[in-house]
>>> print(open('query17.cif').read())   # mmCIF, C-alpha atoms and all ligand atoms; chains and numbers go by the auth columns
data_data
#
loop_
_atom_site.group_PDB
_atom_site.id
_atom_site.type_symbol
_atom_site.label_atom_id
_atom_site.label_comp_id
_atom_site.label_asym_id
_atom_site.label_seq_id
_atom_site.Cartn_x
_atom_site.Cartn_y
_atom_site.Cartn_z
_atom_site.B_iso_or_equiv
_atom_site.auth_seq_id
_atom_site.auth_asym_id
ATOM 1 C CA MET A 1 -34.448 -30.693 20.424 0.00 1 A
ATOM 2 C CA LEU A 2 -31.503 -31.151 18.032 0.00 2 A
ATOM 3 C CA GLU A 3 -28.126 -31.777 19.664 0.00 3 A
ATOM 4 C CA ASN A 4 -25.559 -29.003 19.274 0.00 4 A
ATOM 5 C CA LYS A 5 -23.053 -29.362 16.466 0.00 5 A
ATOM 6 C CA ASN A 6 -19.297 -28.861 16.650 0.00 6 A
ATOM 7 C CA ILE A 7 -17.103 -26.142 15.156 0.00 7 A
ATOM 8 C CA SER A 8 -13.342 -26.332 14.721 0.00 8 A
ATOM 9 C CA VAL A 9 -10.787 -24.026 13.112 0.00 9 A
ATOM 10 C CA CYS A 10 -7.855 -25.292 11.025 0.00 10 A
ATOM 11 C CA PHE A 11 -5.136 -22.651 10.692 0.00 11 A
ATOM 12 C CA THR A 12 -3.521 -23.723 7.414 0.00 12 A
ATOM 13 C CA ALA A 13 -4.427 -25.656 4.259 0.00 13 A
ATOM 14 C CA ASP A 14 -1.583 -28.089 4.979 0.00 14 A
ATOM 15 C CA GLN A 15 -3.011 -29.064 8.393 0.00 15 A
ATOM 16 C CA PHE A 16 -6.432 -29.991 7.010 0.00 16 A
ATOM 17 C CA GLU A 17 -5.757 -33.747 7.088 0.00 17 A
ATOM 18 C CA LYS A 18 -5.658 -33.490 10.906 0.00 18 A
ATOM 19 C CA TYR A 19 -9.243 -32.151 10.897 0.00 19 A
ATOM 20 C CA ALA A 20 -10.755 -34.081 7.969 0.00 20 A
ATOM 21 C CA ASP A 21 -13.642 -36.292 9.145 0.00 21 A
ATOM 22 C CA GLY A 22 -15.480 -36.912 5.880 0.00 22 A
ATOM 23 C CA LYS A 23 -18.740 -35.397 7.190 0.00 23 A
ATOM 24 C CA SER A 24 -18.271 -31.815 8.336 0.00 24 A
ATOM 25 C CA THR A 25 -19.106 -28.844 6.162 0.00 25 A
ATOM 26 C CA VAL A 26 -15.817 -27.093 5.356 0.00 26 A
ATOM 27 C CA VAL A 27 -15.823 -23.308 5.106 0.00 27 A
ATOM 28 C CA VAL A 28 -12.708 -22.201 3.211 0.00 28 A
ATOM 29 C CA VAL A 29 -11.485 -18.694 3.900 0.00 29 A
ATOM 30 C CA ASP A 30 -8.647 -16.733 2.320 0.00 30 A
ATOM 31 C CA VAL A 31 -9.883 -13.303 3.218 0.00 31 A
ATOM 32 C CA LEU A 32 -6.843 -11.580 1.643 0.00 32 A
ATOM 33 C CA ARG A 33 -7.843 -12.160 -1.082 0.00 33 A
ATOM 34 C CA ALA A 34 -8.953 -15.357 -2.888 0.00 34 A
ATOM 35 C CA THR A 35 -12.326 -15.962 -1.221 0.00 35 A
ATOM 36 C CA SER A 36 -13.059 -12.222 -1.278 0.00 36 A
ATOM 37 C CA VAL A 37 -12.324 -12.326 -5.022 0.00 37 A
ATOM 38 C CA ILE A 38 -14.603 -15.352 -5.450 0.00 38 A
ATOM 39 C CA SER A 39 -17.454 -13.583 -3.612 0.00 39 A
ATOM 40 C CA THR A 40 -16.942 -10.433 -5.702 0.00 40 A
ATOM 41 C CA ALA A 41 -16.809 -12.387 -8.978 0.00 41 A
ATOM 42 C CA PHE A 42 -20.127 -14.118 -8.253 0.00 42 A
ATOM 43 C CA MET A 43 -21.666 -10.786 -7.245 0.00 43 A
ATOM 44 C CA GLU A 44 -20.576 -9.342 -10.576 0.00 44 A
ATOM 45 C CA GLY A 45 -22.232 -12.155 -12.527 0.00 45 A
ATOM 46 C CA VAL A 46 -19.613 -14.875 -12.930 0.00 46 A
ATOM 47 C CA GLU A 47 -21.422 -18.200 -13.511 0.00 47 A
ATOM 48 C CA ALA A 48 -18.830 -20.509 -11.949 0.00 48 A
ATOM 49 C CA VAL A 49 -15.281 -20.546 -10.587 0.00 49 A
ATOM 50 C CA ILE A 50 -12.875 -23.401 -11.346 0.00 50 A
ATOM 51 C CA PRO A 51 -10.101 -23.375 -8.709 0.00 51 A
ATOM 52 C CA VAL A 52 -6.977 -25.015 -10.141 0.00 52 A
ATOM 53 C CA GLN A 53 -3.569 -25.801 -8.668 0.00 53 A
ATOM 54 C CA THR A 54 -1.104 -24.830 -11.395 0.00 54 A
ATOM 55 C CA LEU A 55 -0.489 -21.963 -13.788 0.00 55 A
ATOM 56 C CA ASP A 56 -0.367 -24.398 -16.712 0.00 56 A
ATOM 57 C CA GLU A 57 -3.762 -25.862 -15.848 0.00 57 A
ATOM 58 C CA ALA A 58 -5.272 -22.382 -15.689 0.00 58 A
ATOM 59 C CA LEU A 59 -3.629 -21.366 -18.988 0.00 59 A
ATOM 60 C CA SER A 60 -5.152 -24.401 -20.720 0.00 60 A
ATOM 61 C CA TYR A 61 -8.463 -22.473 -20.611 0.00 61 A
ATOM 62 C CA LYS A 62 -6.957 -19.246 -22.050 0.00 62 A
ATOM 63 C CA GLY A 63 -8.874 -17.964 -25.048 0.00 63 A
ATOM 64 C CA LYS A 64 -11.708 -20.447 -24.672 0.00 64 A
ATOM 65 C CA GLU A 65 -15.100 -18.836 -25.297 0.00 65 A
ATOM 66 C CA GLY A 66 -16.782 -17.895 -22.011 0.00 66 A
ATOM 67 C CA TYR A 67 -13.725 -18.364 -19.785 0.00 67 A
ATOM 68 C CA ILE A 68 -11.587 -15.866 -17.864 0.00 68 A
ATOM 69 C CA VAL A 69 -8.209 -17.071 -16.588 0.00 69 A
ATOM 70 C CA ALA A 70 -6.731 -15.493 -13.453 0.00 70 A
ATOM 71 C CA ALA A 71 -3.583 -16.200 -11.471 0.00 71 A
ATOM 72 C CA GLU A 72 -1.647 -14.924 -8.476 0.00 72 A
ATOM 73 C CA ARG A 73 1.635 -16.023 -6.948 0.00 73 A
ATOM 74 C CA ASN A 74 3.168 -14.216 -3.970 0.00 74 A
ATOM 75 C CA ALA A 75 0.281 -11.721 -4.175 0.00 75 A
ATOM 76 C CA LYS A 76 1.337 -10.620 -7.674 0.00 76 A
ATOM 77 C CA PRO A 77 -0.639 -11.089 -10.906 0.00 77 A
ATOM 78 C CA ILE A 78 1.005 -13.343 -13.487 0.00 78 A
ATOM 79 C CA GLU A 79 1.919 -12.276 -17.022 0.00 79 A
ATOM 80 C CA GLY A 80 -0.270 -13.815 -19.716 0.00 80 A
ATOM 81 C CA PHE A 81 -3.427 -14.118 -17.621 0.00 81 A
ATOM 82 C CA ASP A 82 -6.598 -12.059 -18.033 0.00 82 A
ATOM 83 C CA TYR A 83 -6.733 -11.048 -14.360 0.00 83 A
ATOM 84 C CA GLY A 84 -4.850 -11.331 -11.091 0.00 84 A
ATOM 85 C CA ASN A 85 -6.341 -11.798 -7.633 0.00 85 A
ATOM 86 C CA SER A 86 -7.619 -8.333 -6.797 0.00 86 A
ATOM 87 C CA PRO A 87 -11.377 -8.003 -6.209 0.00 87 A
ATOM 88 C CA PHE A 88 -11.250 -4.762 -8.180 0.00 88 A
ATOM 89 C CA HIS A 89 -10.350 -6.730 -11.349 0.00 89 A
ATOM 90 C CA TYR A 90 -13.821 -8.314 -11.232 0.00 90 A
ATOM 91 C CA ILE A 91 -15.956 -5.231 -10.744 0.00 91 A
ATOM 92 C CA ASN A 92 -16.677 -4.805 -14.445 0.00 92 A
ATOM 93 C CA ALA A 93 -19.281 -5.918 -16.965 0.00 93 A
ATOM 94 C CA ASP A 94 -16.880 -8.243 -18.809 0.00 94 A
ATOM 95 C CA VAL A 95 -17.171 -11.015 -16.223 0.00 95 A
ATOM 96 C CA LYS A 96 -20.961 -11.441 -16.456 0.00 96 A
ATOM 97 C CA GLY A 97 -21.924 -14.954 -17.560 0.00 97 A
ATOM 98 C CA LYS A 98 -18.304 -16.122 -17.690 0.00 98 A
ATOM 99 C CA THR A 99 -16.534 -19.023 -15.953 0.00 99 A
ATOM 100 C CA LEU A 100 -13.518 -17.880 -13.932 0.00 100 A
ATOM 101 C CA VAL A 101 -10.528 -20.216 -13.811 0.00 101 A
ATOM 102 C CA LEU A 102 -8.481 -19.172 -10.769 0.00 102 A
ATOM 103 C CA THR A 103 -5.188 -20.269 -9.251 0.00 103 A
ATOM 104 C CA THR A 104 -3.709 -18.560 -6.196 0.00 104 A
ATOM 105 C CA THR A 105 -0.890 -19.192 -3.763 0.00 105 A
ATOM 106 C CA ASN A 106 -3.012 -20.542 -0.918 0.00 106 A
ATOM 107 C CA GLY A 107 -6.766 -20.158 -1.315 0.00 107 A
ATOM 108 C CA THR A 108 -7.273 -22.513 -4.246 0.00 108 A
ATOM 109 C CA LYS A 109 -4.978 -25.037 -2.529 0.00 109 A
ATOM 110 C CA ALA A 110 -7.174 -24.997 0.580 0.00 110 A
ATOM 111 C CA ILE A 111 -10.251 -25.688 -1.562 0.00 111 A
ATOM 112 C CA HIS A 112 -8.395 -28.574 -3.238 0.00 112 A
ATOM 113 C CA ASN A 113 -7.312 -30.083 0.089 0.00 113 A
ATOM 114 C CA ALA A 114 -10.918 -30.115 1.355 0.00 114 A
ATOM 115 C CA ARG A 115 -12.492 -31.324 -1.900 0.00 115 A
ATOM 116 C CA GLU A 116 -13.666 -34.684 -0.441 0.00 116 A
ATOM 117 C CA HIS A 117 -15.911 -32.723 1.954 0.00 117 A
ATOM 118 C CA LYS A 118 -18.822 -30.396 1.329 0.00 118 A
ATOM 119 C CA VAL A 119 -16.955 -27.133 0.665 0.00 119 A
ATOM 120 C CA ILE A 120 -18.265 -23.579 0.674 0.00 120 A
ATOM 121 C CA THR A 121 -16.192 -20.390 0.513 0.00 121 A
ATOM 122 C CA ALA A 122 -16.585 -17.386 2.784 0.00 122 A
ATOM 123 C CA SER A 123 -15.401 -13.804 3.069 0.00 123 A
ATOM 124 C CA TYR A 124 -16.557 -10.676 4.863 0.00 124 A
ATOM 125 C CA ILE A 125 -18.730 -10.080 1.782 0.00 125 A
ATOM 126 C CA ASN A 126 -20.953 -13.119 2.395 0.00 126 A
ATOM 127 C CA ILE A 127 -20.278 -13.923 6.083 0.00 127 A
ATOM 128 C CA GLU A 128 -23.839 -13.245 7.240 0.00 128 A
ATOM 129 C CA ALA A 129 -25.329 -15.417 4.494 0.00 129 A
ATOM 130 C CA VAL A 130 -22.830 -18.196 5.273 0.00 130 A
ATOM 131 C CA ALA A 131 -23.676 -18.098 8.994 0.00 131 A
ATOM 132 C CA THR A 132 -27.419 -18.237 8.300 0.00 132 A
ATOM 133 C CA TYR A 133 -26.938 -21.161 5.920 0.00 133 A
ATOM 134 C CA LEU A 134 -24.756 -23.142 8.335 0.00 134 A
ATOM 135 C CA ILE A 135 -27.168 -22.614 11.244 0.00 135 A
ATOM 136 C CA GLU A 136 -30.048 -23.871 9.097 0.00 136 A
ATOM 137 C CA GLU A 137 -27.979 -26.787 7.740 0.00 137 A
ATOM 138 C CA HIS A 138 -27.075 -27.862 11.306 0.00 138 A
ATOM 139 C CA ASN A 139 -23.928 -29.847 10.536 0.00 139 A
ATOM 140 C CA ASP A 140 -20.473 -29.942 12.122 0.00 140 A
ATOM 141 C CA VAL A 141 -18.285 -27.176 10.682 0.00 141 A
ATOM 142 C CA ILE A 142 -14.575 -26.927 9.983 0.00 142 A
ATOM 143 C CA ILE A 143 -13.431 -23.378 9.208 0.00 143 A
ATOM 144 C CA LEU A 144 -10.381 -23.909 6.998 0.00 144 A
ATOM 145 C CA CYS A 145 -7.977 -20.963 7.013 0.00 145 A
ATOM 146 C CA SER A 146 -5.743 -20.874 3.955 0.00 146 A
ATOM 147 C CA GLY A 147 -2.701 -19.450 5.742 0.00 147 A
ATOM 148 C CA TRP A 148 0.420 -18.584 3.781 0.00 148 A
ATOM 149 C CA LYS A 149 2.477 -21.345 2.141 0.00 149 A
ATOM 150 C CA GLY A 150 1.678 -23.774 4.929 0.00 150 A
ATOM 151 C CA VAL A 151 2.131 -21.406 7.872 0.00 151 A
ATOM 152 C CA PHE A 152 -0.200 -19.360 10.066 0.00 152 A
ATOM 153 C CA ASN A 153 -1.434 -15.950 8.961 0.00 153 A
ATOM 154 C CA LEU A 154 -3.397 -13.494 11.091 0.00 154 A
ATOM 155 C CA GLU A 155 -6.277 -12.440 8.880 0.00 155 A
ATOM 156 C CA ASP A 156 -7.880 -15.822 8.219 0.00 156 A
ATOM 157 C CA PRO A 157 -8.097 -16.830 11.925 0.00 157 A
ATOM 158 C CA ILE A 158 -9.591 -13.410 12.703 0.00 158 A
ATOM 159 C CA PHE A 159 -12.258 -14.132 10.078 0.00 159 A
ATOM 160 C CA ALA A 160 -12.714 -17.573 11.650 0.00 160 A
ATOM 161 C CA GLY A 161 -13.311 -15.809 14.970 0.00 161 A
ATOM 162 C CA SER A 162 -15.962 -13.626 13.324 0.00 162 A
ATOM 163 C CA LEU A 163 -17.790 -16.580 11.767 0.00 163 A
ATOM 164 C CA ALA A 164 -17.452 -18.811 14.835 0.00 164 A
ATOM 165 C CA THR A 165 -18.923 -16.054 17.025 0.00 165 A
ATOM 166 C CA LEU A 166 -21.994 -15.817 14.773 0.00 166 A
ATOM 167 C CA LEU A 167 -22.456 -19.605 14.927 0.00 167 A
ATOM 168 C CA LEU A 168 -21.872 -19.955 18.687 0.00 168 A
ATOM 169 C CA ASP A 169 -24.233 -17.046 19.400 0.00 169 A
ATOM 170 C CA SER A 170 -27.000 -19.088 17.759 0.00 170 A
ATOM 171 C CA GLY A 171 -26.805 -21.516 20.697 0.00 171 A
ATOM 172 C CA LYS A 172 -26.688 -24.431 18.250 0.00 172 A
ATOM 173 C CA TYR A 173 -22.946 -25.055 18.295 0.00 173 A
ATOM 174 C CA ASP A 174 -20.265 -26.068 20.772 0.00 174 A
ATOM 175 C CA SER A 175 -16.509 -26.118 20.401 0.00 175 A
ATOM 176 C CA ASN A 176 -13.580 -27.696 22.204 0.00 176 A
ATOM 177 C CA CYS A 177 -11.026 -26.342 19.719 0.00 177 A
ATOM 178 C CA ASP A 178 -8.092 -24.219 20.947 0.00 178 A
ATOM 179 C CA SER A 179 -7.636 -22.794 17.422 0.00 179 A
ATOM 180 C CA LEU A 180 -11.191 -21.485 17.610 0.00 180 A
ATOM 181 C CA PHE A 181 -10.561 -20.105 21.097 0.00 181 A
ATOM 182 C CA ALA A 182 -7.398 -18.353 19.837 0.00 182 A
ATOM 183 C CA SER A 183 -9.256 -17.029 16.795 0.00 183 A
ATOM 184 C CA LYS A 184 -11.888 -15.424 19.016 0.00 184 A
ATOM 185 C CA GLN A 185 -9.153 -13.892 21.184 0.00 185 A
ATOM 186 C CA LEU A 186 -7.489 -12.398 18.086 0.00 186 A
ATOM 187 C CA LEU A 187 -10.824 -10.978 16.937 0.00 187 A
ATOM 188 C CA ASN A 188 -11.401 -9.435 20.353 0.00 188 A
ATOM 189 C CA ASN A 189 -7.890 -7.921 20.329 0.00 189 A
ATOM 190 C CA ALA A 190 -8.657 -6.269 16.972 0.00 190 A
ATOM 191 C CA ASN A 191 -11.401 -4.376 18.776 0.00 191 A
ATOM 192 C CA GLY A 192 -13.450 -3.834 15.619 0.00 192 A
ATOM 193 C CA ASP A 193 -10.612 -2.268 13.592 0.00 193 A
ATOM 194 C CA LEU A 194 -9.100 -5.126 11.574 0.00 194 A
ATOM 195 C CA PHE A 195 -7.209 -2.865 9.162 0.00 195 A
ATOM 196 C CA THR A 196 -5.257 -1.177 11.962 0.00 196 A
ATOM 197 C CA TYR A 197 -4.822 -4.369 13.977 0.00 197 A
ATOM 198 C CA LEU A 198 -3.313 -6.097 10.938 0.00 198 A
ATOM 199 C CA GLY A 199 -0.948 -3.170 10.317 0.00 199 A
ATOM 200 C CA ASP A 200 2.166 -5.242 10.958 0.00 200 A
ATOM 201 C CA SER A 201 0.804 -8.545 9.675 0.00 201 A
ATOM 202 C CA SER A 202 2.864 -10.275 7.000 0.00 202 A
ATOM 203 C CA HIS A 203 0.254 -10.257 4.271 0.00 203 A
ATOM 204 C CA ARG A 204 -0.921 -6.714 4.790 0.00 204 A
ATOM 205 C CA ARG A 205 2.730 -5.642 4.593 0.00 205 A
ATOM 206 C CA ARG A 206 3.209 -7.795 1.481 0.00 206 A
ATOM 207 C CA LEU A 207 0.173 -6.216 -0.181 0.00 207 A
ATOM 208 C CA LYS A 208 1.239 -2.727 0.960 0.00 208 A
ATOM 209 C CA SER A 209 4.644 -3.224 -0.651 0.00 209 A
ATOM 210 C CA LEU A 210 2.755 -3.899 -3.895 0.00 210 A
ATOM 211 C CA ASN A 211 0.574 -0.778 -3.506 0.00 211 A
ATOM 212 C CA MET A 212 -2.476 -2.926 -2.812 0.00 212 A
ATOM 213 C CA GLU A 213 -3.676 -1.368 0.472 0.00 213 A
ATOM 214 C CA ASP A 214 -7.041 -0.666 -1.161 0.00 214 A
ATOM 215 C CA ASP A 215 -7.463 -4.439 -1.663 0.00 215 A
ATOM 216 C CA THR A 216 -6.826 -4.987 2.039 0.00 216 A
ATOM 217 C CA ARG A 217 -9.342 -2.319 3.036 0.00 217 A
ATOM 218 C CA PHE A 218 -11.943 -3.748 0.620 0.00 218 A
ATOM 219 C CA CYS A 219 -11.533 -7.352 1.811 0.00 219 A
ATOM 220 C CA LEU A 220 -11.514 -6.559 5.546 0.00 220 A
ATOM 221 C CA SER A 221 -14.504 -4.219 5.467 0.00 221 A
ATOM 222 C CA PRO A 222 -16.211 -4.593 2.111 0.00 222 A
ATOM 223 C CA PRO A 223 -18.573 -1.844 0.908 0.00 223 A
ATOM 224 C CA ILE A 224 -20.758 -4.576 -0.579 0.00 224 A
ATOM 225 C CA LYS A 225 -22.571 -7.583 0.902 0.00 225 A
ATOM 226 C CA SER A 226 -23.712 -10.709 -0.925 0.00 226 A
ATOM 227 C CA ASP A 227 -26.088 -13.573 -0.235 0.00 227 A
ATOM 228 C CA VAL A 228 -24.226 -15.769 -2.704 0.00 228 A
ATOM 229 C CA ILE A 229 -22.657 -18.850 -1.131 0.00 229 A
ATOM 230 C CA PRO A 230 -20.154 -20.514 -3.494 0.00 230 A
ATOM 231 C CA ILE A 231 -20.294 -24.327 -3.111 0.00 231 A
ATOM 232 C CA LEU A 232 -17.947 -26.870 -4.685 0.00 232 A
ATOM 233 C CA LYS A 233 -19.698 -29.203 -7.112 0.00 233 A
ATOM 234 C CA GLY A 234 -17.170 -31.477 -8.802 0.00 234 A
ATOM 235 C CA ASP A 235 -14.350 -29.222 -9.993 0.00 235 A
ATOM 236 C CA LYS A 236 -16.444 -26.026 -9.981 0.00 236 A
ATOM 237 C CA LEU A 237 -17.630 -23.540 -7.396 0.00 237 A
ATOM 238 C CA VAL A 238 -21.227 -22.610 -8.234 0.00 238 A
ATOM 239 C CA MET A 239 -23.889 -20.569 -6.470 0.00 239 A
ATOM 240 C CA LEU A 240 -25.615 -22.628 -3.778 0.00 240 A
HETATM 241 C C1 LIG B . -3.700 -16.477 -1.536 0.00 1 B
HETATM 242 O O1 LIG B . -4.285 -17.287 -2.231 0.00 1 B
HETATM 243 O O2 LIG B . -2.772 -16.742 -0.780 0.00 1 B
HETATM 244 C C2 LIG B . -4.046 -15.047 -1.531 0.00 1 B
HETATM 245 O O3 LIG B . -5.234 -14.871 -2.172 0.00 1 B
HETATM 246 C C3 LIG B . -2.880 -14.267 -2.047 0.00 1 B
HETATM 247 C C4 LIG B . -3.272 -12.936 -2.570 0.00 1 B
HETATM 248 O O4 LIG B . -3.673 -12.877 -3.724 0.00 1 B
HETATM 249 O O5 LIG B . -3.204 -11.936 -1.814 0.00 1 B
#
>>> encode(input="query17.cif", output="structure tokens")
Amino acid sequence: MLENKNISVCFTADQFEKYADGKSTVVVVDVLRATSVISTAFMEGVEAVIPVQTLDEALSYKGKEGYIVAAERNAKPIEGFDYGNSPFHYINADVKGKTLVLTTTNGTKAIHNAREHKVITASYINIEAVATYLIEEHNDVIILCSGWKGVFNLEDPIFAGSLATLLLDSGKYDSNCDSLFASKQLLNNANGDLFTYLGDSSHRRRLKSLNMEDDTRFCLSPPIKSDVIPILKGDKLVML
């Protein structure tokens, strides 16, 4: 009988060093919207995603055969890039077979901070596949919420509550993490309606002010599901 493994939840990319243990599998989530975009891009045929930290680094790939460059800062797309950070940008035939170079305010930073660990990315698009994979892998798990510029956001911990519940229900995990406990409480408070529950949340309001409510709806309850699990290999996210 295998011993149970541990799950913890880290609320922001900046706090990751407090959780880093060099051996856990890190599940990066930025449900609004970077990891939802990554899941959508792979579903639509993107070959790989290169998460980068700066606009200049992303632009260095501009115009290269087979590459798409995408950027977001403060939830807005950036002039001079092929795409922004809306999942709807990627639901088109042009992305098939391409490599996406992506830089966002928080999500790509979280991936960077965890790069010394085994890193996979999760969203509500691939949450079931991620849970199944983690249960089979049977390793300690750190769910790394991207947050917003170093501070807590609501949507990523709610996702962490969703994923942690799936893992704990398997009977193969334990947790002694208050962040995980709080995440499950937030999920319970949402009572199955994340869009309404997040009505006054900072990022939903930020996206609403930019007329991006459809993005929020899509990312919180996606009409599509994917078995693709993006995993970080070197500087690229590829399909597991
Ligand atoms: C992020 O990286 O913080 C988010 O994806 C921002 C966004 O594009 O909504």
>>> residues_near_ligand(input="query17.cif", ligand="ligand LIG 1 (chain B)", cutoff="7 Å", atoms="all atoms listed in the file", output="PyMOL selection string")
chain A and resi 30+32-34+72-76+85-86+104-108+146+148+207
>>> residues_around(input="query17.cif", residues="A:Pro222", least_positions_apart="2", cutoff="10 Å", atoms="all atoms listed in the file", output="short mmCIF file (atom, residue, chain, number, x, y, z; two decimals) with C-alpha atoms, in the frame of the given file")
data_model
loop_
_atom_site.label_atom_id
_atom_site.label_comp_id
_atom_site.auth_asym_id
_atom_site.auth_seq_id
_atom_site.Cartn_x
_atom_site.Cartn_y
_atom_site.Cartn_z
CA SER A 36 -13.06 -12.22 -1.28
CA THR A 40 -16.94 -10.43 -5.70
CA SER A 123 -15.40 -13.80 3.07
CA TYR A 124 -16.56 -10.68 4.86
CA ILE A 125 -18.73 -10.08 1.78
CA ASN A 126 -20.95 -13.12 2.40
CA ASP A 215 -7.46 -4.44 -1.66
CA THR A 216 -6.83 -4.99 2.04
CA ARG A 217 -9.34 -2.32 3.04
CA PHE A 218 -11.94 -3.75 0.62
CA CYS A 219 -11.53 -7.35 1.81
CA LEU A 220 -11.51 -6.56 5.55
CA ILE A 224 -20.76 -4.58 -0.58
CA LYS A 225 -22.57 -7.58 0.90
#
>>> resolve_selection(input="query17.cif", expression="the PyMOL selection byres (((chain A and resi 183) around 12) and not hetatm)", output="PDB file with C-alpha atoms, keeping the file's coordinate frame")
ATOM      1  CA  SER A   8     -13.342 -26.332  14.721  1.00  0.00           C
ATOM      2  CA  VAL A   9     -10.787 -24.026  13.112  1.00  0.00           C
ATOM      3  CA  CYS A  10      -7.855 -25.292  11.025  1.00  0.00           C
ATOM      4  CA  PHE A  11      -5.136 -22.651  10.692  1.00  0.00           C
ATOM      5  CA  ILE A 143     -13.431 -23.378   9.208  1.00  0.00           C
ATOM      6  CA  CYS A 145      -7.977 -20.963   7.013  1.00  0.00           C
ATOM      7  CA  PHE A 152      -0.200 -19.360  10.066  1.00  0.00           C
ATOM      8  CA  ASN A 153      -1.434 -15.950   8.961  1.00  0.00           C
ATOM      9  CA  LEU A 154      -3.397 -13.494  11.091  1.00  0.00           C
ATOM     10  CA  GLU A 155      -6.277 -12.440   8.880  1.00  0.00           C
ATOM     11  CA  ASP A 156      -7.880 -15.822   8.219  1.00  0.00           C
ATOM     12  CA  PRO A 157      -8.097 -16.830  11.925  1.00  0.00           C
ATOM     13  CA  ILE A 158      -9.591 -13.410  12.703  1.00  0.00           C
ATOM     14  CA  PHE A 159     -12.258 -14.132  10.078  1.00  0.00           C
ATOM     15  CA  ALA A 160     -12.714 -17.573  11.650  1.00  0.00           C
ATOM     16  CA  GLY A 161     -13.311 -15.809  14.970  1.00  0.00           C
ATOM     17  CA  SER A 162     -15.962 -13.626  13.324  1.00  0.00           C
ATOM     18  CA  LEU A 163     -17.790 -16.580  11.767  1.00  0.00           C
ATOM     19  CA  ALA A 164     -17.452 -18.811  14.835  1.00  0.00           C
ATOM     20  CA  THR A 165     -18.923 -16.054  17.025  1.00  0.00           C
ATOM     21  CA  CYS A 177     -11.026 -26.342  19.719  1.00  0.00           C
ATOM     22  CA  ASP A 178      -8.092 -24.219  20.947  1.00  0.00           C
ATOM     23  CA  SER A 179      -7.636 -22.794  17.422  1.00  0.00           C
ATOM     24  CA  LEU A 180     -11.191 -21.485  17.610  1.00  0.00           C
ATOM     25  CA  PHE A 181     -10.561 -20.105  21.097  1.00  0.00           C
ATOM     26  CA  ALA A 182      -7.398 -18.353  19.837  1.00  0.00           C
ATOM     27  CA  LYS A 184     -11.888 -15.424  19.016  1.00  0.00           C
ATOM     28  CA  GLN A 185      -9.153 -13.892  21.184  1.00  0.00           C
ATOM     29  CA  LEU A 186      -7.489 -12.398  18.086  1.00  0.00           C
ATOM     30  CA  LEU A 187     -10.824 -10.978  16.937  1.00  0.00           C
ATOM     31  CA  ASN A 188     -11.401  -9.435  20.353  1.00  0.00           C
ATOM     32  CA  ASN A 189      -7.890  -7.921  20.329  1.00  0.00           C
ATOM     33  CA  ALA A 190      -8.657  -6.269  16.972  1.00  0.00           C
TER      34      ALA A 190
END
>>> atom_distance(input="query17.cif", atom1="atom CA of A:Glu137", atom2="atom CA of A:Asp235")
22.5 Å
>>> atom_distance(input="query17.cif", atom1="atom CA of A:Val228", atom2="atom CA of A:Ser170")
20.9 Å
>>> resolve_selection(input="query17.cif", expression="the PyMOL selection byres (((chain A and resi 140) around 7) and not hetatm)", output="ChimeraX atom specification")
/A:5-7,24-25,138-139,141-142
>>> resolve_selection(input="query17.cif", expression="the PyMOL selection byres (((chain A and resi 14-16) around 9) and not hetatm)", output="VMD selection string")
chain A and resid 10 to 13 17 to 20 109 to 110 113 to 114 144 146 to 147 149 to 151
>>> closest_residue(input="query17.cif", among="A:Tyr133, A:Gly97, A:Arg205, A:Gly22", to="A:Leu240", atoms="all atoms listed in the file")
A:Tyr133
>>> residues_around(input="query17.cif", residues="A:Pro51", least_positions_apart="6", cutoff="8 Å", atoms="all atoms listed in the file", output="VMD selection string")
chain A and resid 101 to 103 108 111 to 112 235 to 237
>>> atom_distance(input="query17.cif", atom1="atom CA of A:His117", atom2="atom CA of A:Pro230")
14.0 Å
>>> closest_residue(input="query17.cif", among="A:Leu134, A:Val69, A:Leu100, A:Val52", to="A:Val119", atoms="all atoms listed in the file")
A:Leu134
